[in-house]
$ cat work02.txt   # compact mmCIF, N, CA and C atoms and all ligand atoms
# COMPACT_ATOMS: atom_id res chain seq x y z
N MET A 19 131.84 -10.20 -113.48
CA MET A 19 131.20 -11.45 -113.06
C MET A 19 129.69 -11.26 -112.95
N LYS A 20 128.94 -12.23 -113.43
CA LYS A 20 127.48 -12.15 -113.36
C LYS A 20 126.99 -12.63 -111.99
N ASN A 21 125.71 -12.37 -111.73
CA ASN A 21 125.11 -12.91 -110.51
C ASN A 21 125.23 -14.43 -110.54
N SER A 22 125.40 -15.01 -109.38
CA SER A 22 125.39 -16.46 -109.36
C SER A 22 124.57 -16.95 -108.17
N VAL A 23 123.90 -18.05 -108.38
CA VAL A 23 123.10 -18.70 -107.33
C VAL A 23 123.56 -20.14 -107.28
N ILE A 24 124.28 -20.46 -106.23
CA ILE A 24 124.81 -21.81 -106.12
C ILE A 24 124.09 -22.56 -105.01
N VAL A 25 123.53 -23.70 -105.37
CA VAL A 25 122.85 -24.54 -104.39
C VAL A 25 123.76 -25.71 -104.05
N ASP A 26 124.02 -25.89 -102.76
CA ASP A 26 124.76 -27.07 -102.33
C ASP A 26 123.76 -28.24 -102.36
N GLU A 27 123.81 -28.98 -103.43
CA GLU A 27 122.79 -30.00 -103.69
C GLU A 27 122.69 -31.06 -102.60
N GLU A 28 123.80 -31.37 -101.97
CA GLU A 28 123.76 -32.42 -100.96
C GLU A 28 123.21 -31.91 -99.63
N VAL A 29 123.18 -30.60 -99.46
CA VAL A 29 122.60 -30.02 -98.24
C VAL A 29 121.10 -29.78 -98.42
N CYS A 30 120.69 -29.48 -99.64
CA CYS A 30 119.29 -29.17 -99.94
C CYS A 30 118.39 -30.37 -99.63
N LYS A 31 117.24 -30.08 -99.00
CA LYS A 31 116.29 -31.16 -98.73
C LYS A 31 114.99 -31.01 -99.52
N GLY A 32 115.04 -30.16 -100.53
CA GLY A 32 113.91 -30.08 -101.45
C GLY A 32 112.62 -29.55 -100.86
N CYS A 33 112.73 -28.65 -99.88
CA CYS A 33 111.51 -28.15 -99.22
C CYS A 33 110.74 -27.18 -100.12
N GLY A 34 111.42 -26.56 -101.07
CA GLY A 34 110.75 -25.67 -102.01
C GLY A 34 110.54 -24.24 -101.52
N LEU A 35 111.04 -23.92 -100.32
CA LEU A 35 110.84 -22.56 -99.80
C LEU A 35 111.51 -21.51 -100.68
N CYS A 36 112.65 -21.85 -101.22
CA CYS A 36 113.35 -20.88 -102.08
C CYS A 36 112.52 -20.59 -103.32
N ALA A 37 111.94 -21.62 -103.89
CA ALA A 37 111.11 -21.44 -105.09
C ALA A 37 109.89 -20.60 -104.75
N PHE A 38 109.33 -20.84 -103.56
CA PHE A 38 108.14 -20.11 -103.12
C PHE A 38 108.45 -18.63 -102.94
N THR A 39 109.64 -18.34 -102.44
CA THR A 39 109.94 -16.96 -102.06
C THR A 39 110.59 -16.12 -103.15
N CYS A 40 111.16 -16.75 -104.14
CA CYS A 40 111.88 -15.99 -105.18
C CYS A 40 110.93 -15.05 -105.93
N PRO A 41 111.20 -13.74 -105.92
CA PRO A 41 110.30 -12.80 -106.59
C PRO A 41 110.28 -12.97 -108.11
N LYS A 42 111.32 -13.58 -108.64
CA LYS A 42 111.40 -13.79 -110.09
C LYS A 42 110.91 -15.17 -110.51
N LYS A 43 110.59 -16.00 -109.53
CA LYS A 43 110.09 -17.35 -109.80
C LYS A 43 111.03 -18.16 -110.70
N ILE A 44 112.31 -18.06 -110.37
CA ILE A 44 113.31 -18.77 -111.18
C ILE A 44 114.00 -19.88 -110.39
N MET A 45 113.53 -20.13 -109.16
CA MET A 45 114.07 -21.28 -108.42
C MET A 45 113.06 -22.42 -108.54
N GLU A 46 113.57 -23.59 -108.87
CA GLU A 46 112.70 -24.77 -109.03
C GLU A 46 113.37 -25.98 -108.44
N LEU A 47 112.57 -26.97 -108.09
CA LEU A 47 113.14 -28.25 -107.69
C LEU A 47 113.40 -29.04 -108.96
N ASP A 48 114.57 -29.62 -109.03
CA ASP A 48 114.93 -30.39 -110.22
C ASP A 48 114.32 -31.79 -110.11
N ARG A 49 113.17 -31.93 -110.73
CA ARG A 49 112.42 -33.20 -110.64
C ARG A 49 113.06 -34.33 -111.43
N SER A 50 114.07 -34.00 -112.21
CA SER A 50 114.67 -35.03 -113.06
C SER A 50 115.72 -35.86 -112.32
N ARG A 51 116.12 -35.41 -111.12
CA ARG A 51 117.11 -36.22 -110.40
C ARG A 51 117.01 -36.04 -108.90
N LEU A 52 117.70 -36.90 -108.18
CA LEU A 52 117.70 -36.91 -106.73
C LEU A 52 119.11 -36.70 -106.20
N ASN A 53 119.21 -36.04 -105.05
CA ASN A 53 120.54 -35.93 -104.45
C ASN A 53 120.80 -37.17 -103.58
N GLY A 54 121.91 -37.15 -102.88
CA GLY A 54 122.32 -38.32 -102.09
C GLY A 54 121.34 -38.69 -100.99
N LYS A 55 120.54 -37.71 -100.55
CA LYS A 55 119.56 -37.97 -99.49
C LYS A 55 118.20 -38.37 -100.06
N GLY A 56 118.09 -38.36 -101.39
CA GLY A 56 116.83 -38.76 -102.02
C GLY A 56 115.87 -37.61 -102.24
N TYR A 57 116.39 -36.39 -102.22
CA TYR A 57 115.53 -35.22 -102.45
C TYR A 57 115.80 -34.61 -103.82
N HIS A 58 114.79 -33.93 -104.35
CA HIS A 58 114.98 -33.14 -105.56
C HIS A 58 115.58 -31.81 -105.13
N ALA A 59 116.80 -31.56 -105.50
CA ALA A 59 117.47 -30.32 -105.09
C ALA A 59 116.99 -29.13 -105.92
N ALA A 60 117.07 -27.97 -105.31
CA ALA A 60 116.65 -26.75 -106.00
C ALA A 60 117.73 -26.30 -106.99
N VAL A 61 117.26 -25.60 -108.01
CA VAL A 61 118.17 -25.08 -109.02
C VAL A 61 117.62 -23.76 -109.54
N CYS A 62 118.52 -22.85 -109.89
CA CYS A 62 118.09 -21.60 -110.51
C CYS A 62 117.98 -21.85 -112.01
N THR A 63 116.80 -21.60 -112.55
CA THR A 63 116.55 -21.96 -113.94
C THR A 63 116.85 -20.83 -114.93
N ASP A 64 117.03 -19.61 -114.44
CA ASP A 64 117.28 -18.50 -115.36
C ASP A 64 118.10 -17.40 -114.66
N LEU A 65 119.40 -17.63 -114.60
CA LEU A 65 120.27 -16.70 -113.91
C LEU A 65 120.19 -15.29 -114.49
N GLY A 66 119.89 -15.20 -115.78
CA GLY A 66 119.80 -13.90 -116.44
C GLY A 66 118.74 -13.01 -115.80
N GLN A 67 117.74 -13.63 -115.16
CA GLN A 67 116.67 -12.85 -114.53
C GLN A 67 116.92 -12.60 -113.05
N CYS A 68 117.93 -13.22 -112.51
CA CYS A 68 118.20 -13.11 -111.07
C CYS A 68 118.66 -11.70 -110.72
N ILE A 69 118.04 -11.13 -109.68
CA ILE A 69 118.39 -9.78 -109.26
C ILE A 69 119.29 -9.82 -108.02
N ALA A 70 119.74 -11.00 -107.66
CA ALA A 70 120.65 -11.19 -106.53
C ALA A 70 120.10 -10.59 -105.23
N CYS A 71 118.80 -10.73 -105.04
CA CYS A 71 118.18 -10.21 -103.82
C CYS A 71 118.51 -11.07 -102.61
N ALA A 72 118.91 -12.30 -102.88
CA ALA A 72 119.30 -13.26 -101.84
C ALA A 72 118.16 -13.73 -100.94
N MET A 73 116.92 -13.47 -101.35
CA MET A 73 115.79 -13.95 -100.54
C MET A 73 115.78 -15.47 -100.46
N CYS A 74 116.18 -16.11 -101.52
CA CYS A 74 116.23 -17.57 -101.52
C CYS A 74 117.23 -18.08 -100.48
N ALA A 75 118.38 -17.41 -100.44
CA ALA A 75 119.43 -17.83 -99.50
C ALA A 75 119.00 -17.59 -98.06
N VAL A 76 118.32 -16.46 -97.83
CA VAL A 76 117.90 -16.10 -96.47
C VAL A 76 116.83 -17.07 -95.96
N ILE A 77 115.91 -17.45 -96.84
CA ILE A 77 114.79 -18.29 -96.38
C ILE A 77 115.18 -19.76 -96.23
N CYS A 78 116.24 -20.17 -96.89
CA CYS A 78 116.62 -21.59 -96.85
C CYS A 78 116.96 -22.03 -95.43
N PRO A 79 116.22 -22.98 -94.88
CA PRO A 79 116.45 -23.41 -93.51
C PRO A 79 117.78 -24.13 -93.34
N ASP A 80 118.37 -24.57 -94.42
CA ASP A 80 119.62 -25.32 -94.33
C ASP A 80 120.81 -24.54 -94.87
N SER A 81 120.61 -23.27 -95.16
CA SER A 81 121.68 -22.42 -95.70
C SER A 81 122.40 -23.09 -96.87
N ALA A 82 121.61 -23.66 -97.76
CA ALA A 82 122.20 -24.39 -98.89
C ALA A 82 122.51 -23.50 -100.08
N ILE A 83 122.06 -22.24 -100.04
CA ILE A 83 122.19 -21.38 -101.22
C ILE A 83 123.17 -20.24 -100.96
N THR A 84 124.04 -20.03 -101.93
CA THR A 84 124.97 -18.90 -101.88
C THR A 84 124.70 -18.01 -103.09
N VAL A 85 124.38 -16.75 -102.83
CA VAL A 85 124.11 -15.80 -103.91
C VAL A 85 125.26 -14.80 -103.98
N THR A 86 125.75 -14.59 -105.18
CA THR A 86 126.81 -13.61 -105.38
C THR A 86 126.31 -12.58 -106.38
N LYS A 87 126.44 -11.31 -106.02
CA LYS A 87 125.97 -10.25 -106.90
C LYS A 87 127.01 -9.95 -107.97
N GLU A 88 126.50 -9.54 -109.13
CA GLU A 88 127.34 -9.18 -110.25
C GLU A 88 128.39 -8.13 -109.84
N GLY A 89 129.59 -8.30 -110.33
CA GLY A 89 130.62 -7.30 -110.11
C GLY A 89 131.51 -7.59 -108.92
S1 LIG B 1 118.71 -14.13 -105.46
FE1 LIG B 1 116.57 -13.42 -105.53
S2 LIG B 1 116.03 -13.38 -107.70
FE2 LIG B 1 117.91 -14.58 -107.52
S3 LIG B 1 117.18 -16.71 -107.40
FE3 LIG B 1 117.41 -15.95 -105.29
S4 LIG B 1 115.40 -15.15 -104.70
FE4 LIG B 1 115.43 -15.38 -106.93
S1 LIG B 2 115.02 -23.62 -99.40
FE1 LIG B 2 117.02 -24.65 -99.24
S2 LIG B 2 116.53 -26.74 -98.63
FE2 LIG B 2 114.63 -25.82 -99.38
S3 LIG B 2 114.54 -26.40 -101.56
FE3 LIG B 2 115.53 -24.38 -101.44
S4 LIG B 2 117.75 -24.82 -101.35
FE4 LIG B 2 116.66 -26.71 -100.86
$ encode --input "work02.txt" --output "structure tokens"
Amino acid sequence: MKNSVIVDEEVCKGCGLCAFTCPKKIMELDRSRLNGKGYHAAVCTDLGQCIACAMCAVICPDSAITVTKEG
């Protein structure tokens, strides 16, 4: 199994902290759509580069991100 970064879109409030903190700069707010609360939810744009450090998950004030390491 590969690394996975799952964002609970309905919990995310689009604060951008995960994007700010990701060392690989692969977390972004999806500006093309809105979640049920009217926010642009975060999304991992390049899982292949993700090192599963979980910094995004740790910094998220709403615990909206679940990171699973490969294997
Ligand atoms: S686990 Fe680390 S590398 Fe992967 S998206 Fe989150 S902060 Fe970035
Ligand atoms: S830190 Fe959490 S709430 Fe903020 S944009 Fe990222 S996933 Fe959404």
$ closest_residue --input "work02.txt" --among "A:Asp48, A:Lys87, A:Ala37, A:Cys30" --to "Ile69 in chain A" --atoms "all atoms listed in the file"
A:Lys87
$ residues_near_ligand --input "work02.txt" --ligand "ligand LIG 2 (chain B)" --cutoff "12 Å" --atoms "only C-alpha atoms and all ligand atoms" --output "PyMOL selection string"
chain A and resi 23-40+44-49+52-53+55+57-62+72-85
$ residues_near_point --input "work02.txt" --point "(129.0, -9.6, -109.5)" --cutoff "7 Å" --atoms "all atoms listed in the file" --output "JSON, numbers by chain"
{"A": [19, 20, 21, 22, 86, 87, 88, 89]}
$ residues_near_point --input "work02.txt" --point "(113.5, -17.4, -114.3)" --cutoff "8 Å" --atoms "only C-alpha atoms" --output "list in words"
Lys42, Lys43, Ile44, Met45, Cys62, Thr63, Asp64, Leu65, Gly66, Gln67 and Cys68 of chain A
$ axis_aligned_box --input "work02.txt" --around "ligand LIG 1 (chain B)" --padding-each-side "4 Å" --output "lines of an AutoDock Vina configuration file"
center_x = 117.1
center_y = -15.0
center_z = -106.2
size_x = 11.3
size_y = 11.3
size_z = 11.0
$ atom_distance --input "work02.txt" --atom1 "atom S3 of ligand LIG 1 (chain B)" --atom2 "CA of Arg51 in chain A"
19.7 Å
$ select_by_dssp --input "work02.txt" --residues "chain A" --states "strand (DSSP E or B)" --output "PyMOL selection string"
chain A and resi 22-25+45-47+60-62+83-86
$ atom_distance --input "work02.txt" --atom1 "atom N of Ser50 in chain A" --atom2 "atom S3 of ligand LIG 1 (chain B)"
18.2 Å
$ select_by_dssp --input "work02.txt" --residues "chain A" --states "alpha helix (DSSP H)" --output "VMD selection string"
chain A and resid 35 to 39 73 to 77
$ atom_distance --input "work02.txt" --atom1 "atom C of Gly54 in chain A" --atom2 "atom C of Pro41 in chain A"
28.9 Å
